[in-house]
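Step one of this worksheet: look at the structure below.
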Amino acid sequence: MPNFLDIKDLAKDQLDQIISVAQEWKLKGSSNFLEKKNILMIFEKPSLRTRVSFEVGISQLGGTVTNLNSLDFKFGKRESIFDTAKVLERYVDMIIIRSFDHLILKEFASIVNVPVINALTDFSHPCQVAADLLTLKEAHGSLIDKKISWFGDCNNVTQSWIEASVLYDFRLFVACPKNVSPGDETLRWIKEKQGDVTFTDDVCLAAENSDCILTDTWVSMGENINKSIEKFKPFQVNEKLISLASKKAIFMHCLPAHRNFEVTPEVLEGSKSVVFEEAENRLHVQKSIIKYCFS
Ligand code: CP
Ligand code: NVA
């Protein structure tokens with residue numbers, strides 16, 4: 001059975017299918033194919049959208065949920081990851097995990113004999129970007145020939161957008177401070193895949209005629225809160241920046257948002273913002289991701 005750990009693990013037609021099924025279920029409702037299935041959700045970090053949308057989605061699909069949070073459980077703390085995996089696969093049919101270290105998630109997924117979904121790690125956030133792709137498709141009618149522009153930090157959401165951009169042949173511009181980058185492994189991967197990804201500190205170059213303006217927090221969960229945010233200020237998404245984008249451009253933010261830091265209230269609540277549609281789409285897409293994992 002397939003896992004859903006990273007966008008780059010999927011073929012384009014698999015992701016297309018996940019998005020199409022989500023779009024259809026959003027309009028017509030879904031089936032309850034999860035009847036008699038128990039799904040475990042392990043959240044070692046806080047969550048509002050991901051946790052609630054998965055829990056509600058699983059219930060709409062007819063399944064049941066068991067939750068473990070950071071107070072109950074930490075990978076590798078009481079016993080080995082191997083023993084945890086071998087026990088849990090005997091109780092549940094699928095495991096959804098939000099954790100810190102991506103390598104631990106991958107190790108766990110390689111041992112456990114039920115599908116695993118990545119609900120965010122320090123490295124990537126594929127469920128978020130799958131929902132963003134649905135939102136982009138709804139707004140523009142298709143995912144073909146798009147310019148996508150990211151501003152601010154290079155984080156887990158950026159990583160999944162980089163992977164999606166390579167899959168869909170988007171022109172991705174990542175506008176970030178000079179010493180901020182997704183890491184050598186990702187830079188090598190982009191080169192190997194001949195991805196059209198431009199890293200720049202020129203916010204105008206990134207925003208001009210863009211179809212989609214994206215940003216996220218400058219300090220992600222689990223990062224050092226003393227991280228200097230001064231260098232990110234020129235990368236704030238404000239109305240001046242948005243005015244450079246194409247007429248039909250949308251603004252997306254995975255939320256939670258920090259008004260007057262990475263985005264101004266005028267943009268977040270403005271006419272180009274689709275952030276709440278994007279948040280709703282988490283529900284539809286995650287149900288579809290669950291279906292993919294049981295296929
Ligand atoms: N966007 C997102 O993943 O939100 P939560 O952290 O609230 O789940
Ligand atoms: N980059 C953010 C995303 C939150 C949904 C974080 O990891 O905190």
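Here, A, B, ... name the chains of the structure tokens in the order displayed, residue numbers run from 1 inside each chain, and ligands are numbered from 1 in the same displayed order.
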As a quick test: using only C-alpha atoms and all ligand atoms, which residues lie no more than 7 Å away from ligand 1? Give them as a PyMOL selection string. chain A and resi 46-51+128+254-256
Enumerate, in order of chain and increasing residue number, the residues of chain A with an atom no farther than 7 Å from ligand 2, each with its shortest atom pair and distance in Å to one decimal, counting only C-alpha atoms and all ligand atoms, as a Markdown table.
```
| residue | atom | partner | partner_atom_place_in_ligand_line | distance |
| --- | --- | --- | --- | --- |
| A:Asp122 | CA | ligand 2 | 7 (O) | 6.2 |
| A:Asn155 | CA | ligand 2 | 1 (N) | 5.6 |
| A:Asn156 | CA | ligand 2 | 1 (N) | 5.5 |
| A:Val157 | CA | ligand 2 | 1 (N) | 5.8 |
| A:Asp216 | CA | ligand 2 | 1 (N) | 6.2 |
| A:Thr217 | CA | ligand 2 | 1 (N) | 6.0 |
| A:Val219 | CA | ligand 2 | 8 (O) | 6.8 |
| A:Ser220 | CA | ligand 2 | 8 (O) | 3.4 |
| A:Met221 | CA | ligand 2 | 8 (O) | 3.8 |
| A:Cys254 | CA | ligand 2 | 5 (C) | 5.9 |
| A:Leu255 | CA | ligand 2 | 5 (C) | 6.0 |
| A:Pro256 | CA | ligand 2 | 5 (C) | 6.5 |
```
Could you take the residues named above and write them with N, CA and C atoms, as a compact mmCIF listing (two decimals), in the first residue's frame?
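That gives us result.txt:
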```txt
# COMPACT_ATOMS: atom_id res chain seq x y z
N ASP A 122 9.77 18.81 9.84
CA ASP A 122 10.63 19.99 9.65
C ASP A 122 10.99 20.15 8.17
N ASN A 155 11.10 27.00 3.95
CA ASN A 155 10.78 26.05 5.01
C ASN A 155 10.13 24.79 4.45
N ASN A 156 9.44 24.05 5.32
CA ASN A 156 8.81 22.79 4.92
C ASN A 156 7.76 22.97 3.82
N VAL A 157 7.02 24.07 3.87
CA VAL A 157 5.99 24.31 2.84
C VAL A 157 6.68 24.66 1.52
N ASP A 216 4.62 32.24 4.16
CA ASP A 216 4.38 31.47 5.38
C ASP A 216 5.16 32.16 6.50
N THR A 217 4.97 31.69 7.70
CA THR A 217 5.64 32.26 8.87
C THR A 217 7.16 32.35 8.67
N VAL A 219 9.11 32.04 11.26
CA VAL A 219 9.65 31.14 12.29
C VAL A 219 8.73 29.93 12.41
N SER A 220 9.20 28.79 11.93
CA SER A 220 8.36 27.59 11.94
C SER A 220 8.39 26.90 13.31
N MET A 221 7.41 26.01 13.52
CA MET A 221 7.32 25.27 14.79
C MET A 221 8.61 24.48 15.03
N CYS A 254 -0.58 29.07 4.17
CA CYS A 254 -1.07 27.83 4.78
C CYS A 254 -1.75 28.08 6.12
N LEU A 255 -1.45 29.21 6.76
CA LEU A 255 -1.95 29.59 8.09
C LEU A 255 -1.36 28.63 9.15
N PRO A 256 -1.11 29.03 10.37
CA PRO A 256 -1.45 30.34 10.93
C PRO A 256 -0.59 31.48 10.37
```
Can you tell me, as number ranges by chain, which residues in range 41-288 of chain A count as alpha helix (DSSP H) by DSSP? A: 49-60, 81-88, 102-111, 126-140, 156-168, 184-192, 203-207, 239-242, 265-268, 275-288
Go through range 11-227 of chain A and collect every residue that DSSP, computed from the backbone, puts in strand (DSSP E or B); the answer should be as an MDAnalysis selection string. chainID A and resid 38:43 64:69 94:98 116:118 147:151 171:175 197:200 212:215
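Nearest residue to Met41 in chain A among A:Asn69, A:Ser59, A:Gln14, A:Gln194 is A:Asn69, counting only C-alpha atoms.
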Near range 226-237 of chain A, counting only C-alpha atoms, which residues have an atom at most 8 Å away, once you skip same-chain residues fewer than 3 positions from it, shown as number ranges by chain? A: 151-153, 175-177, 203, 215, 218-219, 223, 241-242, 260-264, 267
Output of the above residues as a JSON list (two decimals), in the first residue's frame, restricted to C-alpha atoms:
```json
[["chain", "number", "residue", "atom", "x", "y", "z"],
["A", 151, "PHE", "CA", 8.30, 35.05, -0.37],
["A", 152, "GLY", "CA", 10.16, 34.87, 2.95],
["A", 153, "ASP", "CA", 11.63, 31.84, 4.64],
["A", 175, "ALA", "CA", 12.28, 35.32, -3.03],
["A", 176, "CYS", "CA", 14.27, 35.02, 0.18],
["A", 177, "PRO", "CA", 17.31, 36.56, 1.93],
["A", 203, "VAL", "CA", 10.96, 40.64, -4.81],
["A", 215, "THR", "CA", 4.17, 33.08, 1.95],
["A", 218, "TRP", "CA", 9.25, 33.43, 9.26],
["A", 219, "VAL", "CA", 9.65, 31.14, 12.29],
["A", 223, "GLU", "CA", 12.70, 26.50, 15.32],
["A", 241, "LEU", "CA", 3.96, 43.46, -4.06],
["A", 242, "ILE", "CA", 0.54, 42.06, -4.94],
["A", 260, "ASN", "CA", 2.27, 42.70, 9.71],
["A", 261, "PHE", "CA", 5.12, 40.19, 9.62],
["A", 262, "GLU", "CA", 5.11, 37.91, 6.55],
["A", 263, "VAL", "CA", 1.81, 39.40, 5.28],
["A", 264, "THR", "CA", -0.17, 42.60, 5.81],
["A", 267, "VAL", "CA", -3.49, 41.31, 1.65]]
```
Who sits within 9 Å of Ala139 in chain A, only C-alpha atoms, same chain under 2 positions skipped, as number ranges by chain: A: 134-137, 141-142, 248-250, 274
Next, write the just-selected residues to a file, as a short mmCIF file (atom, residue, chain, number, x, y, z; two decimals), in the first residue's frame, keeping N, CA, C and O atoms as the atom set.
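Written file, part_20.cif:
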```
data_model
loop_
_atom_site.label_atom_id
_atom_site.label_comp_id
_atom_site.auth_asym_id
_atom_site.auth_seq_id
_atom_site.Cartn_x
_atom_site.Cartn_y
_atom_site.Cartn_z
N LEU A 134 -5.10 22.16 -5.42
CA LEU A 134 -6.54 22.17 -5.71
C LEU A 134 -7.05 23.61 -5.75
O LEU A 134 -7.81 24.00 -6.64
N THR A 135 -6.61 24.42 -4.79
CA THR A 135 -7.06 25.81 -4.70
C THR A 135 -6.62 26.60 -5.94
O THR A 135 -7.38 27.40 -6.50
N LEU A 136 -5.40 26.35 -6.38
CA LEU A 136 -4.86 27.01 -7.58
C LEU A 136 -5.66 26.58 -8.82
O LEU A 136 -6.00 27.41 -9.67
N LYS A 137 -5.96 25.29 -8.89
CA LYS A 137 -6.72 24.76 -10.03
C LYS A 137 -8.13 25.37 -10.06
O LYS A 137 -8.63 25.75 -11.12
N GLY A 141 -8.54 27.37 -13.21
CA GLY A 141 -9.13 26.42 -14.16
C GLY A 141 -8.18 25.30 -14.57
O GLY A 141 -8.62 24.26 -15.03
N SER A 142 -6.88 25.51 -14.43
CA SER A 142 -5.92 24.45 -14.75
C SER A 142 -4.60 24.72 -14.03
O SER A 142 -4.41 25.79 -13.45
N LYS A 248 -5.33 38.10 -12.44
CA LYS A 248 -6.09 36.97 -11.87
C LYS A 248 -5.34 36.27 -10.74
O LYS A 248 -5.74 35.19 -10.29
N ALA A 249 -4.24 36.87 -10.27
CA ALA A 249 -3.40 36.20 -9.26
C ALA A 249 -4.17 35.94 -7.97
O ALA A 249 -5.08 36.70 -7.61
N ILE A 250 -3.80 34.86 -7.31
CA ILE A 250 -4.36 34.58 -5.98
C ILE A 250 -3.25 34.67 -4.94
O ILE A 250 -2.07 34.48 -5.26
N VAL A 274 -7.21 33.77 -0.97
CA VAL A 274 -8.11 32.59 -0.96
C VAL A 274 -7.74 31.69 0.22
O VAL A 274 -7.92 30.48 0.16
#
```
Considering only C-alpha atoms, return as a ChimeraX atom specification whatever protein or nucleic-acid residues lie within 12 Å of Glu44 in chain A, sequence-local ones (same chain, fewer than 4 positions apart) excluded. /A:51,67-75,96-101,105,119-122,221-222
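Between CA of Leu244 in chain A and CA of Asp196 in chain A lies a distance of 20.5 Å.
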Please provide as a tab-separated table (two decimals) with N, CA, C and O atoms, in the first residue's frame all residues within 10 Å of Phe173 in chain A, with the sequence filter that same-chain residues fewer than 6 positions apart are discarded (counting only C-alpha atoms).
```tsv
chain	number	residue	atom	x	y	z
A	147	LYS	N	3.13	30.69	-13.24
A	147	LYS	CA	4.25	31.28	-12.49
A	147	LYS	C	3.82	31.36	-11.02
A	147	LYS	O	2.79	31.96	-10.70
A	148	ILE	N	4.61	30.73	-10.17
A	148	ILE	CA	4.31	30.66	-8.73
A	148	ILE	C	5.42	31.43	-8.00
A	148	ILE	O	6.60	31.25	-8.30
A	149	SER	N	5.03	32.25	-7.03
A	149	SER	CA	6.04	33.08	-6.35
A	149	SER	C	5.93	32.93	-4.83
A	149	SER	O	4.86	33.17	-4.25
A	150	TRP	N	7.03	32.53	-4.24
A	150	TRP	CA	7.10	32.33	-2.79
A	150	TRP	C	7.96	33.43	-2.18
A	150	TRP	O	9.01	33.76	-2.72
A	151	PHE	N	7.56	33.96	-1.02
A	151	PHE	CA	8.30	35.05	-0.37
A	151	PHE	C	8.59	34.71	1.10
A	151	PHE	O	7.70	34.24	1.82
A	162	ILE	N	8.43	23.32	-4.00
A	162	ILE	CA	9.51	23.07	-4.96
A	162	ILE	C	9.25	21.74	-5.66
A	162	ILE	O	9.32	21.63	-6.89
A	165	SER	N	6.37	22.02	-8.05
A	165	SER	CA	6.73	22.83	-9.23
A	165	SER	C	7.47	22.01	-10.26
A	165	SER	O	7.25	22.16	-11.47
A	196	ASP	N	12.51	24.40	-12.98
A	196	ASP	CA	12.59	25.83	-13.30
A	196	ASP	C	12.36	26.62	-11.99
A	196	ASP	O	11.29	27.20	-11.78
A	197	VAL	N	13.34	26.59	-11.10
A	197	VAL	CA	13.21	27.24	-9.79
A	197	VAL	C	14.28	28.31	-9.69
A	197	VAL	O	15.46	28.02	-9.84
A	198	THR	N	13.85	29.56	-9.44
A	198	THR	CA	14.79	30.68	-9.33
A	198	THR	C	14.79	31.18	-7.90
A	198	THR	O	13.73	31.53	-7.36
A	199	PHE	N	15.96	31.19	-7.28
A	199	PHE	CA	16.10	31.78	-5.94
A	199	PHE	C	16.63	33.19	-6.13
A	199	PHE	O	17.62	33.39	-6.84
A	200	THR	N	15.96	34.16	-5.54
A	200	THR	CA	16.34	35.56	-5.77
A	200	THR	C	16.03	36.40	-4.53
A	200	THR	O	15.18	36.02	-3.73
A	201	ASP	N	16.75	37.53	-4.39
A	201	ASP	CA	16.34	38.48	-3.34
A	201	ASP	C	15.63	39.68	-3.98
A	201	ASP	O	15.37	40.68	-3.31
A	202	ASP	N	15.30	39.56	-5.26
A	202	ASP	CA	14.59	40.62	-5.97
A	202	ASP	C	13.09	40.32	-5.93
A	202	ASP	O	12.57	39.52	-6.72
A	203	VAL	N	12.39	40.96	-5.01
A	203	VAL	CA	10.96	40.64	-4.81
A	203	VAL	C	10.12	41.03	-6.04
A	203	VAL	O	9.12	40.38	-6.34
A	205	LEU	N	11.06	40.96	-9.25
A	205	LEU	CA	11.26	39.92	-10.26
A	205	LEU	C	10.36	38.71	-9.95
A	205	LEU	O	9.71	38.14	-10.83
A	206	ALA	N	10.29	38.36	-8.67
A	206	ALA	CA	9.48	37.20	-8.27
A	206	ALA	C	7.99	37.48	-8.43
A	206	ALA	O	7.23	36.60	-8.85
A	207	ALA	N	7.56	38.70	-8.15
A	207	ALA	CA	6.11	38.99	-8.12
A	207	ALA	C	5.52	39.29	-9.49
A	207	ALA	O	4.33	39.04	-9.73
A	210	SER	N	2.93	37.20	-11.72
A	210	SER	CA	2.76	35.90	-11.08
A	210	SER	C	1.28	35.50	-11.03
A	210	SER	O	0.40	36.34	-10.92
A	213	ILE	N	0.77	34.12	-5.42
A	213	ILE	CA	1.71	34.67	-4.44
A	213	ILE	C	1.54	33.88	-3.14
A	213	ILE	O	0.43	33.73	-2.65
```
Close residues, Ser160 in chain A itself excluded, 7 Å, only C-alpha atoms, min 3 positions apart in chain, as a PDB file with C-alpha atoms, in the first residue's frame:
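Output file selection-v9.pdb is given in full below:
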```
ATOM      1  CA  ILE A   7       5.138  15.172  -3.257  1.00  0.00           C
ATOM      2  CA  SER A 124       8.090  19.053   4.158  1.00  0.00           C
ATOM      3  CA  HIS A 125       4.317  19.564   4.281  1.00  0.00           C
ATOM      4  CA  PRO A 126       2.900  17.642   1.301  1.00  0.00           C
ATOM      5  CA  VAL A 129       0.645  21.739  -0.941  1.00  0.00           C
ATOM      6  CA  ASN A 156       8.809  22.788   4.922  1.00  0.00           C
ATOM      7  CA  VAL A 157       5.991  24.309   2.845  1.00  0.00           C
ATOM      8  CA  GLU A 163       8.627  19.405  -5.465  1.00  0.00           C
ATOM      9  CA  ALA A 164       5.174  20.274  -6.874  1.00  0.00           C
TER      10      ALA A 164
END
```
